[in-house]
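Undergrad: The structure follows.
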Amino acid sequence: MTAAATLRRVKRAFAGDPSAGSRTGRRLGLIGAGMLLGITLVAVFAPLLAGHDPTAPSGAPYRAPSFEFPLGTDDVGQDLFAQLVYGARISLTIGVLSAILATAIGLGVALLAGSLRGRTEVLLMRVVDLALVFPFFVLVIVLAAFLGRDLLITAAVISAVLWAKPARVLYSDVLKVGEFQHVIAARAMGASNLRVLGRHVLPRIAPLGVSQFVRTANVAVFLESALAFLGLGDPNRVSWGSMLFFANSRSAFLTDAWLWWILPPGLALTLVLVGFAFLGYAIEERADPRLSGRRQPGAGRRVRRTASRPAGDEPAPQAPGTVLEVRNLSVAYRSGDHEVRAVDGIGFTAPQRSIVGLVGESGSGKSSLAFALLGMVRPPGEVQGGEILLNGRDLRSLRGPEARGIRGREIALVPQGAMSSLNPAYTIRRQVVESAALTREDPRAAGKRAREVLESVGIAPQRHGAYPHELSGGMRQRVVIAMAIANEPSLVVADEPVTGLDVVTQARILQLLLELRDRLGLTLVLISHDLRLVGRVADELLVMQGGRVVEAGAAETVMTSPCHPHTEALLAASPALREVERPR
Ligand code: ADP
Ligand code: MG
């Protein structure tokens, strides 16, 4: 991905929501930006504005303001106005430099922790927590006194104490973005961590990164002047803090000189701090609405290794002609001492070209089972036991790249909620191309494949350039199905693919799945809460309740003579009369 493309995406993220940010916010932002621009101009044109060398005596000591010395001179005859003008350079340089460093470190930590998860995540976030509670002003004084006073060292010292805040804020948003449906969908289709970061996570958190940058710059400017005021600044440069240091140490307070020696740098400093604060406020307001409802700190950080099978205990081989075989699979979610068994010892087989319908009320564990099949159960959930055999391979023994290599290529997920599985910022063609590119190096081959699959799910070429919001729900569902089959998987798990669609569209999508099964020889696990609907196309039905299978059998049998009361209840809940024939 090119830098220009990333930039475009970031711009789009900023421009995305015109209603974001209040009027006051926008005004404050403009005022802040104006103040900073003015000070930047002063800093850039300092040599033209100053008139004298700020570090050499150029007149008599303690001169009152005059045309030649607008702010008079200090005790050794140095031009105070020249010092003020040159001081802007130091403040801005330190502010920007430290903020770049601190935000970059924070961003790096946030991305590492948020995408690697596991032990690295826990360790990194502990360090962040520690850095956050440390009294940073004391730390900065100690470090500055110890390491020296050079400008670059000061910037490094300041960023060393300021990185934790951006790290913490950005981390929680990396987690948040990771839970967006289209990011989960991208993972389900086999995208690598790096790809997900570059295409989905970075563009979404960039606005927040900018606001963190401005906030950090604000604190950095303050810290620099505080250090300089304490005499810990670079002795070879004048800054506003060092002006205050000399004014204080040479008793400017006792004479009239304080009026032009102390007041101007104080005011200039205030101007920069207020400018950054206003700008930061405005950007934060724009960046936040899309990322509101953040996770509680610490959520999702509990990590437990999936219980591994003892060595040498190989699973029994799979029956021939079977694509998927699940044995005694359990998935649980833990919070504190409490544990919810979402999937409780489930087993079933899916012969080649069959459709297995998985039916149950909301919360019965269907999605958890789907995620387990794809090896995508994440903390606080864990697969507690069982075997998943796909074409003879034990999926649970696979890790990292090997597991990702299966996802999208051999087993694909049509995630629940197709409406939100698509990234609103890209055309559907691009999103399908991206899926197809997983197994195709050549962009043209990926493009060709995308056209093929889009047409095979019934989307005409003239609609391929449309954005998700321009399509109906049924069409969007077709796009997600196209993405799932782009790399010729042998098994497709479709989680509630027709929920939320009207009756006619539901029938069309089911018809499409049947056609694809016949044409491509797919095996399908079809998840729904609507027993009759799935029963119309499925060969086998599994009825789930509270994570267990309470009834299983041939679809016809289960529908016509249910044995379990829960199956009867589900049948009663599902509208009996449908206009559309079982499409066979
Ligand atoms: P379904 O897809 O059938 O509606 P789910 O698999 O989504 O069911 O959920 C099954 C159970 O697992 C529910 O009780 C739900 O509360 C719990 N569960 C699902 N996801 C999580 C999660 N991330 N954290 C905690 N509990 C969860
Ligand atoms: Mg579900």
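Here, A, B, ... name the chains of the structure tokens in the order displayed, residue numbers run from 1 inside each chain, and ligands are numbered from 1 in the same displayed order.
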Would you pick out the contacts of A:Asp539 at 7 Å or less, using only C-alpha atoms, so that residues sharing its chain but fewer than 5 positions from it are not included, and give the list as a list in words?

TA: Ser354, Ile355, Val356, Ala554 and Ala555 of chain A

Undergrad: Would you mind listing what lies within 6 Å of stretch 93-95 of chain A as number ranges by chain, with only C-alpha atoms counted and same-chain residues fewer than 6 positions away left out?

TA: A: 155, 217, 220-221

Undergrad: Could the residues of stretch 89-166 of chain A that have an atom at most 9 Å from stretch 186-197 of chain A be listed as a tab-separated table, each with its closest atom pair and the distance in Å to one decimal, counting only C-alpha atoms and ordered by chain and ascending residue number?

TA:
residue	atom	partner	partner_atom	distance
A:Leu111	CA	A:Leu197	CA	7.8
A:Ser115	CA	A:Asn193	CA	6.7
A:Leu116	CA	A:Asn193	CA	8.2

Undergrad: What does the file look like for those residues with N, CA and C atoms, as a compact mmCIF listing (two decimals), in the first residue's frame?

TA:
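In the end it all went to out-v1.txt:
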# COMPACT_ATOMS: atom_id res chain seq x y z
N LEU A 111 -0.50 -0.43 18.82
CA LEU A 111 -0.72 -1.37 17.72
C LEU A 111 -0.18 -2.75 18.07
N SER A 115 -2.77 -5.78 18.55
CA SER A 115 -2.88 -6.78 17.49
C SER A 115 -2.21 -8.09 17.86
N LEU A 116 -1.19 -8.05 18.72
CA LEU A 116 -0.54 -9.32 19.08
C LEU A 116 -1.32 -10.05 20.16

Undergrad: What residues have any atom no more than 8 Å from ligand 2 when counting only C-alpha atoms and all ligand atoms, and can you list them as an NGL selection string?

TA: :A and (362-363 or 365-368 or 416 or 495-496)

Undergrad: What's around stretch 520-529 of chain A at 6 Å? Count only C-alpha atoms, leave out sequence neighbours fewer than 4 positions away in its own chain, and write the answer as a list in words.

TA: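 Contacts, with the query itself left out: Gln352, Arg353, Ser354, Ile355, Val356, Gly357, Leu358, Val359, Gly360, Glu361, Ser490, Leu491, Val492, Val493, Ala494, Asp495, Glu496 and Leu516 of chain A.
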
Undergrad: Could those selected residues go to a file with all heavy atoms, as a compact mmCIF listing (two decimals), in the first residue's frame?

TA:
# COMPACT_ATOMS: atom_id res chain seq x y z
N GLN A 352 -19.53 -33.94 2.26
CA GLN A 352 -19.28 -33.04 1.15
C GLN A 352 -20.58 -32.65 0.45
O GLN A 352 -21.48 -33.48 0.32
CB GLN A 352 -18.33 -33.69 0.15
CG GLN A 352 -17.61 -32.66 -0.65
CD GLN A 352 -16.64 -33.27 -1.63
OE1 GLN A 352 -16.51 -34.49 -1.70
NE2 GLN A 352 -15.98 -32.44 -2.38
N ARG A 353 -20.69 -31.40 0.04
CA ARG A 353 -21.84 -30.82 -0.67
C ARG A 353 -23.12 -30.84 0.16
O ARG A 353 -24.21 -30.72 -0.41
CB ARG A 353 -22.11 -31.58 -1.98
CG ARG A 353 -20.94 -31.56 -2.93
CD ARG A 353 -21.22 -32.46 -4.11
NE ARG A 353 -21.97 -31.75 -5.12
CZ ARG A 353 -21.43 -31.16 -6.17
NH1 ARG A 353 -20.13 -31.19 -6.34
NH2 ARG A 353 -22.17 -30.55 -7.06
N SER A 354 -23.00 -30.97 1.47
CA SER A 354 -24.21 -30.98 2.28
C SER A 354 -24.43 -29.60 2.89
O SER A 354 -23.53 -28.77 2.91
CB SER A 354 -24.10 -32.01 3.40
OG SER A 354 -23.13 -31.58 4.33
N ILE A 355 -25.66 -29.38 3.35
CA ILE A 355 -25.95 -28.15 4.09
C ILE A 355 -26.42 -28.55 5.48
O ILE A 355 -27.41 -29.27 5.63
CB ILE A 355 -27.04 -27.32 3.40
CG1 ILE A 355 -26.57 -26.92 1.99
CG2 ILE A 355 -27.37 -26.08 4.23
CD1 ILE A 355 -27.53 -26.00 1.26
N VAL A 356 -25.64 -28.12 6.48
CA VAL A 356 -26.02 -28.40 7.85
C VAL A 356 -26.64 -27.14 8.43
O VAL A 356 -26.00 -26.08 8.45
CB VAL A 356 -24.79 -28.82 8.68
CG1 VAL A 356 -25.17 -28.99 10.14
CG2 VAL A 356 -24.20 -30.11 8.14
N GLY A 357 -27.88 -27.25 8.85
CA GLY A 357 -28.55 -26.09 9.45
C GLY A 357 -28.36 -26.09 10.94
O GLY A 357 -28.57 -27.11 11.61
N LEU A 358 -27.93 -24.94 11.48
CA LEU A 358 -27.68 -24.82 12.91
C LEU A 358 -28.70 -23.81 13.44
O LEU A 358 -28.62 -22.64 13.12
CB LEU A 358 -26.27 -24.28 13.08
CG LEU A 358 -25.51 -24.60 14.33
CD1 LEU A 358 -25.30 -26.09 14.46
CD2 LEU A 358 -24.16 -23.91 14.26
N VAL A 359 -29.65 -24.30 14.21
CA VAL A 359 -30.76 -23.43 14.59
C VAL A 359 -30.85 -23.30 16.10
O VAL A 359 -30.61 -24.27 16.83
CB VAL A 359 -32.10 -24.03 14.09
CG1 VAL A 359 -33.20 -23.00 14.21
CG2 VAL A 359 -31.97 -24.48 12.66
N GLY A 360 -31.17 -22.12 16.57
CA GLY A 360 -31.34 -21.93 18.00
C GLY A 360 -31.72 -20.49 18.26
O GLY A 360 -31.51 -19.63 17.42
N GLU A 361 -32.28 -20.28 19.45
CA GLU A 361 -32.67 -18.91 19.80
C GLU A 361 -31.40 -18.07 19.98
O GLU A 361 -30.30 -18.61 20.07
CB GLU A 361 -33.49 -18.92 21.08
CG GLU A 361 -32.67 -19.45 22.24
CD GLU A 361 -33.51 -19.80 23.45
OE1 GLU A 361 -34.67 -19.42 23.48
OE2 GLU A 361 -32.98 -20.47 24.34
N SER A 490 -13.65 -24.94 0.64
CA SER A 490 -14.52 -26.11 0.54
C SER A 490 -15.69 -26.02 1.52
O SER A 490 -16.71 -26.62 1.32
CB SER A 490 -13.72 -27.40 0.76
OG SER A 490 -12.95 -27.30 1.93
N LEU A 491 -15.50 -25.22 2.59
CA LEU A 491 -16.57 -25.07 3.58
C LEU A 491 -16.88 -23.60 3.80
O LEU A 491 -15.97 -22.79 3.99
CB LEU A 491 -16.12 -25.70 4.90
CG LEU A 491 -17.12 -25.60 6.04
CD1 LEU A 491 -18.27 -26.58 5.85
CD2 LEU A 491 -16.44 -25.85 7.38
N VAL A 492 -18.16 -23.25 3.78
CA VAL A 492 -18.56 -21.88 4.10
C VAL A 492 -19.49 -21.92 5.30
O VAL A 492 -20.46 -22.68 5.33
CB VAL A 492 -19.27 -21.19 2.91
CG1 VAL A 492 -19.86 -19.85 3.34
CG2 VAL A 492 -18.31 -20.98 1.75
N VAL A 493 -19.15 -21.13 6.33
CA VAL A 493 -20.02 -21.00 7.49
C VAL A 493 -20.75 -19.68 7.35
O VAL A 493 -20.12 -18.62 7.30
CB VAL A 493 -19.19 -21.00 8.80
CG1 VAL A 493 -20.11 -20.89 10.00
CG2 VAL A 493 -18.33 -22.24 8.88
N ALA A 494 -22.07 -19.74 7.23
CA ALA A 494 -22.85 -18.51 7.05
C ALA A 494 -23.66 -18.24 8.30
O ALA A 494 -24.56 -19.00 8.63
CB ALA A 494 -23.75 -18.62 5.83
N ASP A 495 -23.28 -17.16 9.03
CA ASP A 495 -23.94 -16.86 10.30
C ASP A 495 -25.10 -15.90 10.06
O ASP A 495 -24.89 -14.74 9.74
CB ASP A 495 -22.91 -16.24 11.26
CG ASP A 495 -23.42 -16.20 12.70
OD1 ASP A 495 -24.59 -16.56 12.92
OD2 ASP A 495 -22.64 -15.82 13.58
N GLU A 496 -26.30 -16.38 10.23
CA GLU A 496 -27.52 -15.59 10.05
C GLU A 496 -27.48 -14.80 8.73
O GLU A 496 -27.64 -13.58 8.74
CB GLU A 496 -27.69 -14.60 11.22
CG GLU A 496 -27.61 -15.23 12.59
CD GLU A 496 -28.97 -15.44 13.25
OE1 GLU A 496 -29.98 -15.28 12.56
OE2 GLU A 496 -28.99 -15.80 14.44
N LEU A 516 -24.86 -22.12 -5.37
CA LEU A 516 -23.41 -22.14 -5.20
C LEU A 516 -22.95 -23.51 -4.72
O LEU A 516 -21.93 -24.03 -5.15
CB LEU A 516 -22.97 -21.06 -4.20
CG LEU A 516 -23.16 -19.62 -4.67
CD1 LEU A 516 -22.82 -18.64 -3.56
CD2 LEU A 516 -22.30 -19.34 -5.90

Undergrad: Can you list, as a tab-separated table (two decimals) with C-alpha atoms, in the first residue's frame, every protein, DNA or RNA residue that comes within 12 Å of A:Ala226 when you count only C-alpha atoms, leaving out same-chain residues fewer than 2 positions away?

TA:
chain	number	residue	atom	x	y	z
A	91	SER	CA	8.99	26.25	22.28
A	137	PHE	CA	7.32	16.04	36.32
A	138	VAL	CA	9.71	14.61	38.89
A	140	VAL	CA	11.53	14.67	33.73
A	141	ILE	CA	13.59	16.79	36.14
A	144	ALA	CA	17.05	16.13	32.37
A	154	THR	CA	15.31	17.57	26.23
A	158	ILE	CA	10.00	14.80	27.50
A	219	VAL	CA	2.24	19.36	27.66
A	220	ALA	CA	5.70	19.22	26.04
A	221	VAL	CA	5.81	23.02	25.58
A	222	PHE	CA	4.88	23.45	29.21
A	223	LEU	CA	7.49	20.91	30.37
A	224	GLU	CA	10.25	22.52	28.32
A	228	ALA	CA	14.31	25.92	31.42
A	229	PHE	CA	12.87	27.94	34.31
A	230	LEU	CA	14.54	25.52	36.71
A	231	GLY	CA	17.83	26.14	34.90
A	232	LEU	CA	17.80	22.72	33.21
A	233	GLY	CA	17.38	24.08	29.66
A	239	SER	CA	13.77	30.10	25.33
A	240	TRP	CA	10.84	31.63	27.13
A	241	GLY	CA	11.56	29.43	30.10
A	242	SER	CA	15.21	30.53	30.22
A	243	MET	CA	14.13	34.20	30.01
A	244	LEU	CA	11.98	33.60	33.09
A	245	PHE	CA	14.87	31.75	34.77
A	266	GLY	CA	4.67	34.49	30.19
A	269	LEU	CA	3.78	30.81	26.62
